[in-house]
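> Structure incoming, see below.
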Amino acid sequence: TAPYFVPPYPHPETTTSSSASIGLPPTPCFIGTVPPSPPHRMAAALASSRCCRRPSLLTTDRRRSSVARCALSALQKGNSFSWKECAISVALSVGLITVPPTFGWSAHAYPLEPVIPDISVLISGPPIKDPGALLRYALPIDNKAIREVQKPLEDITDSLKVSGVRALDSVERNVRQASRALTNGRSLILSGLAESKRANGEKTLDKLAVGLEELQRIIEDRNRNAVAPKQKELLNYVGTVEEDMVDGFPYEVPEEYNNMPLLKGRATVDMTVKIKDNPNVEDCVFRIVLDGYNAPVTSGNFVDLVERKFYDGMEIQRADGFVVQTGDPEGPAEGFIDPSTGKSRTIPLEIMVDGDKAPIYGETLEELGLYKAQTKLPFNAFGTMAMAREVRLT
């Protein structure tokens with residue numbers, strides 16, 4: 001099947017749409033809090049829906065917003081947002097939006113045994129605060145050499161949690177480890193690049209090597225404040241190299257879903273939300289990264305709805321401090337009515353389990369007995385967006 005790529009759209013001049021962008025792969029994604037706080041990087045996961053009667057958007061952001069508007073245009077590198085904009089980076093994947101698990105605790109207590117059964121692994125664990133790392137590790141590549149460069153650079157985040165300049169000693173160890181891994185593994189990294197992207201990958205590796213030297217000098221100057229920005233720059237280089245290792249789409253989507261809109265790759269969409277109850281903020285921009293590598297059906301469905309302007313002008317139906325939700329149109333219709341069938345469009349539950357080569361369709365992890373399985377992009381990430389799933393009880 002030919003890849004499903006959405007064509008670029010010009011910047012709209014109407015009041016019902018806002019500018020947005022889509023590209024493969026996306027440029028670095030800005031993520032953040034509601035203005036006037038400055039933008040920060042975040043990432044998230046998208047859970048798809050088995051029977052999405054209402055193609056609702058759920059996000060774990062705590063903002064109270066009112067009207068969503070969405071459109072697509074060509075993605076430009078170096079995009080920046082005004083102080084009025086906030087952005088959430090979202091990687092479309094799946095998982096952990098299932099029927100709440102039932103805990104079958106025993107009526108008796110026994111020493112040295114867990115109180116909560118194994119199923120608890122599905123909902124436990126600290127929130128994922130670094131979406132950029134989540135997106136990088138979710139790419140369908142298998143190159144140990146580049147991962148050995150990436151890990152110590154990611155670990156700088158933890159090193160910086162130490163107060164004062166003492167953190168720089170740990171950061172220096174991280175940098176030396178990454179530099180050594182890049183020197184020793186360069187040939188293996190180059191061999192993992194897709195042939196069509198090799199030239200770009202080589203240039204990016206050169207920039208990465210120079211950047212590591214610059215970071216080493218920053219540490220020698222004991223300039224703690226300059227470490228995090230340089231780390232972000234270097235990890236962007238690493239992510240670009242890893243994207244250049246992806247050669248085509250890694251698996252076949254089941255034939256029964258080939259007639260649906262598919263996204264085979266990654267794309268970026270900006271959704272503008274008008275804020276009603278905050279006079280200091282006019283618009284809030286959610287930057288959404290769609291990960292078609294891990295959820296091609298769910299991602300393709302969302303892009304198609306955006307392309308059809310399904311969400312434009314739609315009210316936010318829920319904002320309770322836990323999720324912000326929209327997607328239920330006015331009138332008797334439940335969700336999006338596909339003009340080709342005259343019926344509500346539904347999509348399957350689509351779960352990419354970490355370590356699997358292709359997603360699971362139509363069954364939850366619980367139904368499959370995979371209580372300890374981890375999804376490629378877990379749902380407990382700040383700024384997570386998901387498609388609401390309708391559960392039918394029999």
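Going through the structure tokens in order, the chains are called A, B, and so on, while each chain numbers its residues from 1 and the ligands are numbered from 1 in the order shown.
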Just the residues within 12 Å of Gln216 of chain A, please, counting only C-alpha atoms, with nothing from its chain fewer than 5 positions along; format it as JSON, numbers by chain.

{"A": [168, 169, 171, 172, 173, 174, 175, 176, 177, 178, 179, 209, 210, 211, 221, 222, 223, 224, 226, 227, 230, 231]}

> Could you save the residues just selected, with N, CA, C and O atoms, as a PDB file, in the first residue's frame?


```
ATOM      1  N   LEU A 168      27.825  19.307  37.504  1.00  0.00           N
ATOM      2  CA  LEU A 168      28.662  19.311  36.305  1.00  0.00           C
ATOM      3  C   LEU A 168      29.638  18.138  36.275  1.00  0.00           C
ATOM      4  O   LEU A 168      30.045  17.703  35.197  1.00  0.00           O
ATOM      5  N   ASP A 169      30.029  17.639  37.441  1.00  0.00           N
ATOM      6  CA  ASP A 169      30.922  16.477  37.465  1.00  0.00           C
ATOM      7  C   ASP A 169      30.239  15.263  36.854  1.00  0.00           C
ATOM      8  O   ASP A 169      30.833  14.507  36.074  1.00  0.00           O
ATOM      9  N   VAL A 171      27.614  15.437  34.798  1.00  0.00           N
ATOM     10  CA  VAL A 171      27.380  15.757  33.390  1.00  0.00           C
ATOM     11  C   VAL A 171      28.627  15.482  32.561  1.00  0.00           C
ATOM     12  O   VAL A 171      28.545  14.971  31.437  1.00  0.00           O
ATOM     13  N   GLU A 172      29.781  15.798  33.117  1.00  0.00           N
ATOM     14  CA  GLU A 172      31.028  15.559  32.390  1.00  0.00           C
ATOM     15  C   GLU A 172      31.220  14.076  32.095  1.00  0.00           C
ATOM     16  O   GLU A 172      31.652  13.694  31.004  1.00  0.00           O
ATOM     17  N   ARG A 173      30.877  13.231  33.052  1.00  0.00           N
ATOM     18  CA  ARG A 173      30.963  11.790  32.807  1.00  0.00           C
ATOM     19  C   ARG A 173      30.006  11.370  31.695  1.00  0.00           C
ATOM     20  O   ARG A 173      30.341  10.531  30.847  1.00  0.00           O
ATOM     21  N   ASN A 174      28.805  11.945  31.704  1.00  0.00           N
ATOM     22  CA  ASN A 174      27.840  11.649  30.638  1.00  0.00           C
ATOM     23  C   ASN A 174      28.398  12.031  29.274  1.00  0.00           C
ATOM     24  O   ASN A 174      28.272  11.267  28.301  1.00  0.00           O
ATOM     25  N   VAL A 175      29.000  13.209  29.190  1.00  0.00           N
ATOM     26  CA  VAL A 175      29.508  13.709  27.911  1.00  0.00           C
ATOM     27  C   VAL A 175      30.668  12.852  27.420  1.00  0.00           C
ATOM     28  O   VAL A 175      30.754  12.516  26.231  1.00  0.00           O
ATOM     29  N   ARG A 176      31.562  12.491  28.323  1.00  0.00           N
ATOM     30  CA  ARG A 176      32.692  11.643  27.921  1.00  0.00           C
ATOM     31  C   ARG A 176      32.212  10.281  27.428  1.00  0.00           C
ATOM     32  O   ARG A 176      32.745   9.737  26.459  1.00  0.00           O
ATOM     33  N   GLN A 177      31.203   9.749  28.102  1.00  0.00           N
ATOM     34  CA  GLN A 177      30.660   8.457  27.675  1.00  0.00           C
ATOM     35  C   GLN A 177      30.030   8.565  26.283  1.00  0.00           C
ATOM     36  O   GLN A 177      30.234   7.694  25.427  1.00  0.00           O
ATOM     37  N   ALA A 178      29.282   9.640  26.042  1.00  0.00           N
ATOM     38  CA  ALA A 178      28.657   9.830  24.729  1.00  0.00           C
ATOM     39  C   ALA A 178      29.701  10.050  23.647  1.00  0.00           C
ATOM     40  O   ALA A 178      29.589   9.498  22.540  1.00  0.00           O
ATOM     41  N   SER A 179      30.731  10.837  23.952  1.00  0.00           N
ATOM     42  CA  SER A 179      31.789  11.102  22.969  1.00  0.00           C
ATOM     43  C   SER A 179      32.531   9.817  22.620  1.00  0.00           C
ATOM     44  O   SER A 179      32.837   9.558  21.444  1.00  0.00           O
ATOM     45  N   ALA A 209      29.317  15.615  16.774  1.00  0.00           N
ATOM     46  CA  ALA A 209      30.678  15.545  17.307  1.00  0.00           C
ATOM     47  C   ALA A 209      31.172  16.923  17.744  1.00  0.00           C
ATOM     48  O   ALA A 209      31.760  17.079  18.825  1.00  0.00           O
ATOM     49  N   VAL A 210      30.916  17.935  16.917  1.00  0.00           N
ATOM     50  CA  VAL A 210      31.312  19.301  17.261  1.00  0.00           C
ATOM     51  C   VAL A 210      30.556  19.774  18.500  1.00  0.00           C
ATOM     52  O   VAL A 210      31.122  20.405  19.408  1.00  0.00           O
ATOM     53  N   GLY A 211      29.268  19.466  18.553  1.00  0.00           N
ATOM     54  CA  GLY A 211      28.455  19.870  19.691  1.00  0.00           C
ATOM     55  C   GLY A 211      28.921  19.248  20.996  1.00  0.00           C
ATOM     56  O   GLY A 211      28.867  19.889  22.058  1.00  0.00           O
ATOM     57  N   ASP A 221      34.063  25.437  31.713  1.00  0.00           N
ATOM     58  CA  ASP A 221      33.826  26.820  32.144  1.00  0.00           C
ATOM     59  C   ASP A 221      32.866  26.892  33.330  1.00  0.00           C
ATOM     60  O   ASP A 221      32.585  27.994  33.821  1.00  0.00           O
ATOM     61  N   ARG A 222      32.364  25.735  33.770  1.00  0.00           N
ATOM     62  CA  ARG A 222      31.444  25.631  34.900  1.00  0.00           C
ATOM     63  C   ARG A 222      30.178  26.457  34.669  1.00  0.00           C
ATOM     64  O   ARG A 222      29.615  27.064  35.581  1.00  0.00           O
ATOM     65  N   ASN A 223      29.714  26.449  33.436  1.00  0.00           N
ATOM     66  CA  ASN A 223      28.519  27.213  33.060  1.00  0.00           C
ATOM     67  C   ASN A 223      27.307  26.281  33.069  1.00  0.00           C
ATOM     68  O   ASN A 223      26.868  25.786  32.032  1.00  0.00           O
ATOM     69  N   ARG A 224      26.783  26.075  34.247  1.00  0.00           N
ATOM     70  CA  ARG A 224      25.675  25.124  34.409  1.00  0.00           C
ATOM     71  C   ARG A 224      24.459  25.504  33.575  1.00  0.00           C
ATOM     72  O   ARG A 224      23.787  24.651  32.998  1.00  0.00           O
ATOM     73  N   ALA A 226      24.140  26.758  30.745  1.00  0.00           N
ATOM     74  CA  ALA A 226      24.252  26.498  29.307  1.00  0.00           C
ATOM     75  C   ALA A 226      24.174  25.019  28.965  1.00  0.00           C
ATOM     76  O   ALA A 226      24.118  24.656  27.781  1.00  0.00           O
ATOM     77  N   VAL A 227      24.139  24.158  29.980  1.00  0.00           N
ATOM     78  CA  VAL A 227      24.171  22.714  29.723  1.00  0.00           C
ATOM     79  C   VAL A 227      22.877  22.215  29.091  1.00  0.00           C
ATOM     80  O   VAL A 227      22.887  21.522  28.065  1.00  0.00           O
ATOM     81  N   LYS A 230      22.265  23.091  25.393  1.00  0.00           N
ATOM     82  CA  LYS A 230      23.168  22.337  24.517  1.00  0.00           C
ATOM     83  C   LYS A 230      22.773  20.862  24.483  1.00  0.00           C
ATOM     84  O   LYS A 230      22.844  20.208  23.432  1.00  0.00           O
ATOM     85  N   GLN A 231      22.339  20.321  25.613  1.00  0.00           N
ATOM     86  CA  GLN A 231      21.855  18.937  25.630  1.00  0.00           C
ATOM     87  C   GLN A 231      20.693  18.762  24.667  1.00  0.00           C
ATOM     88  O   GLN A 231      20.622  17.781  23.909  1.00  0.00           O
TER      89      GLN A 231
END
```

> Using only C-alpha atoms, determine which residues lie at most 9 Å from Phe302 of chain A, disregarding the query and same-chain residues fewer than 3 positions distant; provide the list as a PyMOL selection string.

chain A and resi 55+261+290+297-299+305-307+387

> Any idea what's packed within 6 Å of segment 238-255 of chain A, counting only C-alpha atoms, ignoring anything in its chain fewer than 6 positions away? Could you give it as number ranges by chain?

A: 136, 192-194, 197, 201

> Between A:Pro140, A:Pro332, A:Pro296, A:Gly313, single out the one closest to Met271 of chain A, counting only C-alpha atoms.

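Using only C-alpha atoms, the shortest distance to Met271 of chain A belongs to A:Gly313.
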
> Ranking A:Leu349, A:Ile189, A:Asp130, A:Phe336 by minimum distance to Lys309 of chain A and counting only C-alpha atoms, which one comes first?

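Ranking A:Leu349, A:Ile189, A:Asp130, A:Phe336 by distance to Lys309 of chain A, first place goes to A:Phe336.
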
> Measure the distance from atom CA of Tyr237 of chain A to atom CA of Glu202 of chain A in Å and round it to one decimal.

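So the two atoms, atom CA of Tyr237 of chain A and atom CA of Glu202 of chain A, lie 10.9 Å apart.
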